[in-house]
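Remarks on the structure that follows.
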2 protein chains.
Amino acid sequence: MGQKLGRQTMSMTHPPYIIATATTVGPMEGAGPLQEFYDTILPDDLYGEDSWEKAEAKMLRENVKQAITKAQLTIDVMDVILAGDLLNQLISTNFAVRELDIPFLGLYGACSTMSESLLVGSMLMDGGFLNYAVAAVSSHHNTAERQFRFPTEQGVQRPPISQWTVTGTGASILAKSGTGPRVTCGTIGRVVDLGIKDPNDMGRAMAPAAVDTLIAHFRDTGRDPSYYDAILTGDLGILGRDLVRQMAGQQGFDLSENYNDCGVLVYREDQDVHAGASGCGCSAVVLNGYLYSLLSKGTLRRVLLAATGSLHSPTSYQQKETIPCISHAVAIEMA
Amino acid sequence: MGQKLGRQTMSMTHPPYIIATATTVGPMEGAGPLQEFYDTILPDDLYGEDSWEKAEAKMLRENVKQAITKAQLTIDVMDVILAGDLLNQLISTNFAVRELDIPFLGLYGACSTMSESLLVGSMLMDGGFLNYAVAAVSSHHNTAERQFRFPTEQGVQRPPISQWTVTGTGASILAKSGTGPRVTCGTIGRVVDLGIKDPNDMGRAMAPAAVDTLIAHFRDTGRDPSYYDAILTGDLGILGRDLVRQMAGQQGFDLSENYNDCGVLVYREDQDVHAGASGCGCSAVVLNGYLYSLLSKGTLRRVLLAATGSLHSPTSYQQKETIPCISHAVAIEMA
């Protein structure tokens, strides 16, 4: 049985445990600085399939199975899977779940979907409906690029402000009882649009939504940023991260010490991705790989993940609309 | 505090009330047999905007405001809006919610999203997190046709099995206490794909998913179809409805008496829509207009709505994939 704190924050009375996670990434992510934290590094982007879309669906599906196996459970005890991706009509997720016999709720929060799925899953569990749930998302560089921007084969030059969509998928297994870090509360985002129109400038477009949610979280919970060992936004990259620090600072919240962005962590500087990493998979692999490992070891005890999503489409861009954004935050804590 | 019944059904301990609804439809729907049940009938499909996509976002937004007003409440007391639509990246919803200062959870269940949003909202409310919530979806004939099939301006001849996407939006206001029909339980669907490939044949593609969810609902709850005064699927049209009757009958569930499909109710036969109506808006306007009115008057006391969604995309179709489908069911009952 949960309760709402303030305007946007949902607090769990019996915080669900994240009893296991799994991550699968592409070759470029596997060559990045977090390589030791991934369960599976694919040798290529096609994963034995004949299209990148099918490869992404397979990544999501096999990674969910791996997470369930790591939790020493079976598919038939999973009460629900909450999942989504970036592709039109969520085809990666739909085709992945088709092969998994688990009741399915499709979510779309663009690149904020990892925290949306964890938060909704945790609330349904704390509300008494679920014993076990899967929260999962995916993205794939080549499927996202050809849908949102240009086919990668075309070799269009990318502007320096652009980010690189992560080929990766992460899954968390939520359980009513068990061991591991727990989802203690979360803050549901509002749609924030400060008028950025350039679909290459995603980090700066999303930063105001991240700040809006982070400040709502601090206000609703009465927590100061220093409560957390680490505060991570989802995929703002270098430019967006710096803007978050600046905007939060102007509103009296000091993020200079314990704040970073997942999009800054996934690639090495010499991997030439320009402003950083992006995509649903970005926060998903950082959370379910790196952060989950540090939380499980006790190196980190309190983490706030505010995954960030840009809610535009190529159609809305062509119709000269600006870019509405959202961020959902989840607090994950070790007892 | 809720509980799970069987494999897929979620039962509310304190069933949320649907205290108000609103519906807005296009001119063709407004000329149909349910015209007296709609709150707003637009004189044209553009609604004063310069694109159909912007018109759809405005429909969703204004209709949500109308539902909140009908509930004699204000936007600031709404704890969350759970919403979605058919367009890529849910742009109708995202741009609608941008103008509404309500925490937002985006859902994608294709044309099943009305029951998905009602069910998730009801579970979160029964779980103690919410006092008031909005569940809303939209679809627009011209935006859906040009995204999924052909631009309507092209005048492509439609096959006789095709359905007509409803221009319409519906919103329900859920409240922890109040009066009106209540969401007592619901059944989360699984992805079902029996191999249909023709994206014109949506009704028959989705029928097996509807049957799967209906039978799961009856099995999990121990209820017989005769428990309900009316059982409605979402947008199967004439062909899909007949297939549901046949498939359910073969499995021992008699749907000959009290079952119909929302897609059969929206247009008159002489409106020349071929196999019936479809789209998120189809079940949304039938539920929030017609069914809500009959439930409120007590003409119907127990209704099961199993909205149905086809989870393919033009990309998956072009890659020769079959059409995965889903259906989520919600039971709405007057005390």
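Residue numbering restarts at 1 for every chain of the structure tokens, chains are lettered A, B, ... in their displayed order, and ligands are numbered from 1 as they appear.
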*Would you please extract all alpha helix (DSSP H) residues from segment 9-240 of chain A, as assigned by DSSP on the backbone, and give them as a PyMOL selection string?*
chain A and resi 27-30+52-70+91-98+113-126+141-148+202-221+237-240
*Contact set, chain A to chain B: 7 Å, only C-alpha atoms, as JSON, numbers by chain*: {"A": [1, 2, 3, 4, 8, 10, 88, 89, 91, 94, 97, 98, 101, 102, 103, 104, 106, 107, 108, 109, 123, 124, 126, 127, 128, 129, 130, 188, 189, 190, 191, 192, 311, 312, 313, 324]}
Take the residues from that selection and put them in a file with N, CA and C atoms, as an mmCIF file, in the first residue's frame.
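Result file is result14.cif:
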```cif
data_model
loop_
_atom_site.group_PDB
_atom_site.id
_atom_site.type_symbol
_atom_site.label_atom_id
_atom_site.label_comp_id
_atom_site.auth_asym_id
_atom_site.auth_seq_id
_atom_site.Cartn_x
_atom_site.Cartn_y
_atom_site.Cartn_z
ATOM 1 N N MET A 1 0.858 -1.197 0.000
ATOM 2 C CA MET A 1 0.000 0.000 0.000
ATOM 3 C C MET A 1 0.885 1.236 0.000
ATOM 4 N N GLY A 2 0.792 2.029 -1.047
ATOM 5 C CA GLY A 2 1.679 3.182 -1.154
ATOM 6 C C GLY A 2 1.006 4.481 -0.773
ATOM 7 N N GLN A 3 1.770 5.542 -0.889
ATOM 8 C CA GLN A 3 1.175 6.858 -0.674
ATOM 9 C C GLN A 3 1.876 7.881 -1.542
ATOM 10 N N LYS A 4 1.157 8.963 -1.818
ATOM 11 C CA LYS A 4 1.731 10.034 -2.611
ATOM 12 C C LYS A 4 2.315 11.083 -1.682
ATOM 13 N N GLN A 8 4.058 14.947 -6.988
ATOM 14 C CA GLN A 8 4.457 14.003 -8.018
ATOM 15 C C GLN A 8 5.120 12.723 -7.529
ATOM 16 N N MET A 10 5.744 9.163 -5.469
ATOM 17 C CA MET A 10 5.034 7.981 -4.988
ATOM 18 C C MET A 10 5.970 7.199 -4.078
ATOM 19 N N ASN A 88 8.719 2.928 -33.602
ATOM 20 C CA ASN A 88 7.303 3.171 -33.841
ATOM 21 C C ASN A 88 6.490 1.934 -33.447
ATOM 22 N N GLN A 89 5.413 2.179 -32.680
ATOM 23 C CA GLN A 89 4.531 1.112 -32.201
ATOM 24 C C GLN A 89 5.259 0.098 -31.322
ATOM 25 N N ILE A 91 7.785 -1.893 -31.693
ATOM 26 C CA ILE A 91 7.868 -3.238 -32.279
ATOM 27 C C ILE A 91 8.953 -4.105 -31.652
ATOM 28 N N ASN A 94 7.163 -5.504 -28.614
ATOM 29 C CA ASN A 94 6.025 -6.366 -28.948
ATOM 30 C C ASN A 94 6.481 -7.725 -29.480
ATOM 31 N N VAL A 97 8.115 -9.765 -26.648
ATOM 32 C CA VAL A 97 7.167 -10.305 -25.667
ATOM 33 C C VAL A 97 6.292 -11.396 -26.287
ATOM 34 N N ARG A 98 6.128 -11.338 -27.605
ATOM 35 C CA ARG A 98 5.358 -12.390 -28.290
ATOM 36 C C ARG A 98 5.893 -13.782 -27.945
ATOM 37 N N ASP A 101 5.730 -15.801 -22.478
ATOM 38 C CA ASP A 101 4.335 -15.967 -22.061
ATOM 39 C C ASP A 101 4.114 -15.261 -20.719
ATOM 40 N N ILE A 102 4.139 -13.920 -20.768
ATOM 41 C CA ILE A 102 3.974 -13.097 -19.567
ATOM 42 C C ILE A 102 2.972 -11.996 -19.898
ATOM 43 N N PRO A 103 1.965 -11.748 -19.030
ATOM 44 C CA PRO A 103 1.058 -10.615 -19.260
ATOM 45 C C PRO A 103 1.876 -9.334 -19.439
ATOM 46 N N PHE A 104 1.454 -8.487 -20.401
ATOM 47 C CA PHE A 104 2.322 -7.411 -20.887
ATOM 48 C C PHE A 104 1.632 -6.057 -20.844
ATOM 49 N N GLY A 106 2.542 -2.341 -22.207
ATOM 50 C CA GLY A 106 3.459 -1.545 -23.018
ATOM 51 C C GLY A 106 3.496 -0.106 -22.529
ATOM 52 N N LEU A 107 4.706 0.426 -22.374
ATOM 53 C CA LEU A 107 4.887 1.797 -21.898
ATOM 54 C C LEU A 107 5.677 2.571 -22.940
ATOM 55 N N TYR A 108 5.377 3.868 -23.064
ATOM 56 C CA TYR A 108 6.221 4.714 -23.897
ATOM 57 C C TYR A 108 6.564 5.999 -23.161
ATOM 58 N N GLY A 109 7.813 6.122 -22.801
ATOM 59 C CA GLY A 109 8.325 7.367 -22.232
ATOM 60 C C GLY A 109 9.592 7.764 -22.959
ATOM 61 N N MET A 123 5.077 0.308 -8.011
ATOM 62 C CA MET A 123 3.806 0.753 -7.442
ATOM 63 C C MET A 123 2.770 -0.370 -7.486
ATOM 64 N N LEU A 124 2.704 -1.084 -8.616
ATOM 65 C CA LEU A 124 1.737 -2.185 -8.715
ATOM 66 C C LEU A 124 2.076 -3.283 -7.706
ATOM 67 N N ASP A 126 3.822 -2.833 -4.765
ATOM 68 C CA ASP A 126 3.526 -2.325 -3.422
ATOM 69 C C ASP A 126 2.017 -2.258 -3.202
ATOM 70 N N GLY A 127 1.268 -2.096 -4.276
ATOM 71 C CA GLY A 127 -0.192 -2.059 -4.190
ATOM 72 C C GLY A 127 -0.825 -3.427 -3.992
ATOM 73 N N GLY A 128 -0.015 -4.473 -3.996
ATOM 74 C CA GLY A 128 -0.521 -5.801 -3.662
ATOM 75 C C GLY A 128 -0.828 -6.698 -4.846
ATOM 76 N N PHE A 129 -0.605 -6.211 -6.079
ATOM 77 C CA PHE A 129 -1.041 -6.962 -7.253
ATOM 78 C C PHE A 129 -0.029 -7.984 -7.765
ATOM 79 N N LEU A 130 1.252 -7.768 -7.442
ATOM 80 C CA LEU A 130 2.291 -8.574 -8.092
ATOM 81 C C LEU A 130 3.254 -9.172 -7.081
ATOM 82 N N ILE A 188 6.961 10.923 -10.702
ATOM 83 C CA ILE A 188 6.416 10.894 -12.063
ATOM 84 C C ILE A 188 6.604 12.267 -12.698
ATOM 85 N N GLY A 189 7.138 12.288 -13.894
ATOM 86 C CA GLY A 189 7.444 13.557 -14.547
ATOM 87 C C GLY A 189 6.255 14.227 -15.196
ATOM 88 N N ARG A 190 6.436 15.526 -15.429
ATOM 89 C CA ARG A 190 5.498 16.302 -16.237
ATOM 90 C C ARG A 190 6.150 16.562 -17.593
ATOM 91 N N VAL A 191 5.354 16.880 -18.594
ATOM 92 C CA VAL A 191 5.928 17.219 -19.897
ATOM 93 C C VAL A 191 6.433 18.665 -19.846
ATOM 94 N N VAL A 192 7.703 18.833 -20.170
ATOM 95 C CA VAL A 192 8.341 20.150 -20.116
ATOM 96 C C VAL A 192 8.928 20.451 -21.494
ATOM 97 N N LEU A 311 10.017 13.532 -26.365
ATOM 98 C CA LEU A 311 8.734 12.984 -26.804
ATOM 99 C C LEU A 311 8.306 13.455 -28.192
ATOM 100 N N HIS A 312 9.259 13.916 -28.990
ATOM 101 C CA HIS A 312 8.921 14.368 -30.346
ATOM 102 C C HIS A 312 8.892 13.172 -31.310
ATOM 103 N N SER A 313 8.485 13.430 -32.536
ATOM 104 C CA SER A 313 8.624 12.448 -33.615
ATOM 105 C C SER A 313 9.108 13.192 -34.850
ATOM 106 N N PRO A 324 8.867 18.367 -26.819
ATOM 107 C CA PRO A 324 8.431 18.166 -25.434
ATOM 108 C C PRO A 324 9.241 17.027 -24.812
#
```
*Residue neighbourhood Asp270 of chain B, 12 Å, only C-alpha atoms, exclusion window fewer than 3 positions, as a list of chain:residue names*: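 What passes the distance filter is B:Met28, B:Ala31, B:Gly32, B:Pro33, B:Val266, B:Tyr267, B:Val273, B:His274, B:Ala275, B:Gly276.
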*Determine the nearest neighbour of Thr69 of chain B from the options B:Gln250, B:Thr21, B:Thr40, B:Thr221, counting only C-alpha atoms.*
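Closest to Thr69 of chain B of all the choices is B:Thr21.
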*With only C-alpha atoms as the atoms that count, which of A:Ala209, A:Ala216, A:Ala20, A:Leu300 lies nearest to Gly186 of chain A?*
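Comparing A:Ala209, A:Ala216, A:Ala20, A:Leu300 against Gly186 of chain A, the winner is A:Ala216.
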*Which residue of B:Leu305, B:Ile161, B:Ala205, B:Ile196 approaches Ile231 of chain B most closely, using only C-alpha atoms*: B:Leu305
*Kindly indicate which residue among B:Ile75, B:Leu255, B:Leu118, B:Val137 lies nearest to Ser226 of chain B, using only C-alpha atoms for the distances.*
B:Leu255
*Can you check which residues of segment 225-270 of chain A DSSP gives as strand (DSSP E) on the backbone and send them as a list in words?*
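Checking each residue of segment 225-270 of chain A, the strand (DSSP E) ones are Ala230, Ile231, Leu232, Thr233, Tyr259, Asn260 and Asp261 of chain A.
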*Find the residues around Thr308 of chain A up to 7 Å (only C-alpha atoms counted), leave out those fewer than 3 positions away in its own chain, and share them as a ChimeraX atom specification.*
/A:111-112,206,210,233-235,326-328
*Got a sec: who's within 12 Å of Glu49 of chain B, counting only C-alpha atoms, leaving out chain neighbours fewer than 5 positions off, as a ChimeraX atom specification?*
/A:319 /B:44,54-59
Restricted to all heavy atoms, what would the selected residues look like written as a compact mmCIF listing (two decimals), in the first residue's frame?
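Output file selection-v9.txt is given in full below:
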```txt
# COMPACT_ATOMS: atom_id res chain seq x y z
N GLN A 319 6.52 19.31 -38.78
CA GLN A 319 5.43 20.29 -38.65
C GLN A 319 5.84 21.47 -37.77
O GLN A 319 5.00 22.20 -37.28
CB GLN A 319 4.17 19.58 -38.11
CG GLN A 319 3.61 18.56 -39.11
CD GLN A 319 2.29 17.94 -38.68
OE1 GLN A 319 1.70 18.33 -37.68
NE2 GLN A 319 1.81 17.00 -39.47
N ASP B 44 -15.48 19.70 -38.34
CA ASP B 44 -14.54 19.23 -39.36
C ASP B 44 -13.36 18.53 -38.67
O ASP B 44 -13.24 18.56 -37.45
CB ASP B 44 -14.04 20.39 -40.22
CG ASP B 44 -13.27 21.40 -39.40
OD1 ASP B 44 -12.19 21.05 -38.88
OD2 ASP B 44 -13.75 22.54 -39.25
N LYS B 54 -1.97 17.96 -35.21
CA LYS B 54 -2.23 18.99 -34.20
C LYS B 54 -3.70 18.99 -33.77
O LYS B 54 -4.02 19.23 -32.61
CB LYS B 54 -1.81 20.36 -34.74
CG LYS B 54 -0.31 20.50 -34.91
CD LYS B 54 0.10 21.86 -35.45
CE LYS B 54 1.60 21.88 -35.70
NZ LYS B 54 2.06 23.15 -36.32
N ALA B 55 -4.58 18.69 -34.72
CA ALA B 55 -6.01 18.60 -34.38
C ALA B 55 -6.25 17.46 -33.39
O ALA B 55 -7.01 17.61 -32.43
CB ALA B 55 -6.83 18.39 -35.65
N GLU B 56 -5.57 16.34 -33.61
CA GLU B 56 -5.76 15.19 -32.71
C GLU B 56 -5.26 15.54 -31.30
O GLU B 56 -5.92 15.22 -30.30
CB GLU B 56 -5.04 13.95 -33.25
CG GLU B 56 -5.35 12.72 -32.41
CD GLU B 56 -4.68 11.43 -32.91
OE1 GLU B 56 -4.23 11.38 -34.08
OE2 GLU B 56 -4.60 10.48 -32.11
N ALA B 57 -4.11 16.20 -31.21
CA ALA B 57 -3.59 16.60 -29.89
C ALA B 57 -4.56 17.56 -29.20
O ALA B 57 -4.83 17.44 -28.00
CB ALA B 57 -2.22 17.25 -30.05
N LYS B 58 -5.13 18.48 -29.97
CA LYS B 58 -6.09 19.43 -29.38
C LYS B 58 -7.35 18.71 -28.90
O LYS B 58 -7.87 19.01 -27.82
CB LYS B 58 -6.44 20.50 -30.42
CG LYS B 58 -7.38 21.58 -29.90
CD LYS B 58 -7.61 22.64 -30.97
CE LYS B 58 -8.65 23.66 -30.54
NZ LYS B 58 -8.93 24.64 -31.63
N MET B 59 -7.83 17.77 -29.70
CA MET B 59 -9.00 16.97 -29.30
C MET B 59 -8.76 16.30 -27.96
O MET B 59 -9.59 16.35 -27.05
CB MET B 59 -9.25 15.84 -30.32
CG MET B 59 -10.05 16.22 -31.54
SD MET B 59 -10.03 14.86 -32.77
CE MET B 59 -10.47 13.43 -31.78
```
*asked:* Please compute the atom CA of Ala329 of chain A-atom CA of Val183 of chain A distance, one decimal, in Å.
replied: 10.6 Å
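Taking atom CA of Ser296 of chain A and atom CA of Phe37 of chain A as the two end points, the separation is 12.3 Å.
Of note, atom CA of Val166 of chain B and atom CA of Ser138 of chain B are spaced 8.8 Å apart.
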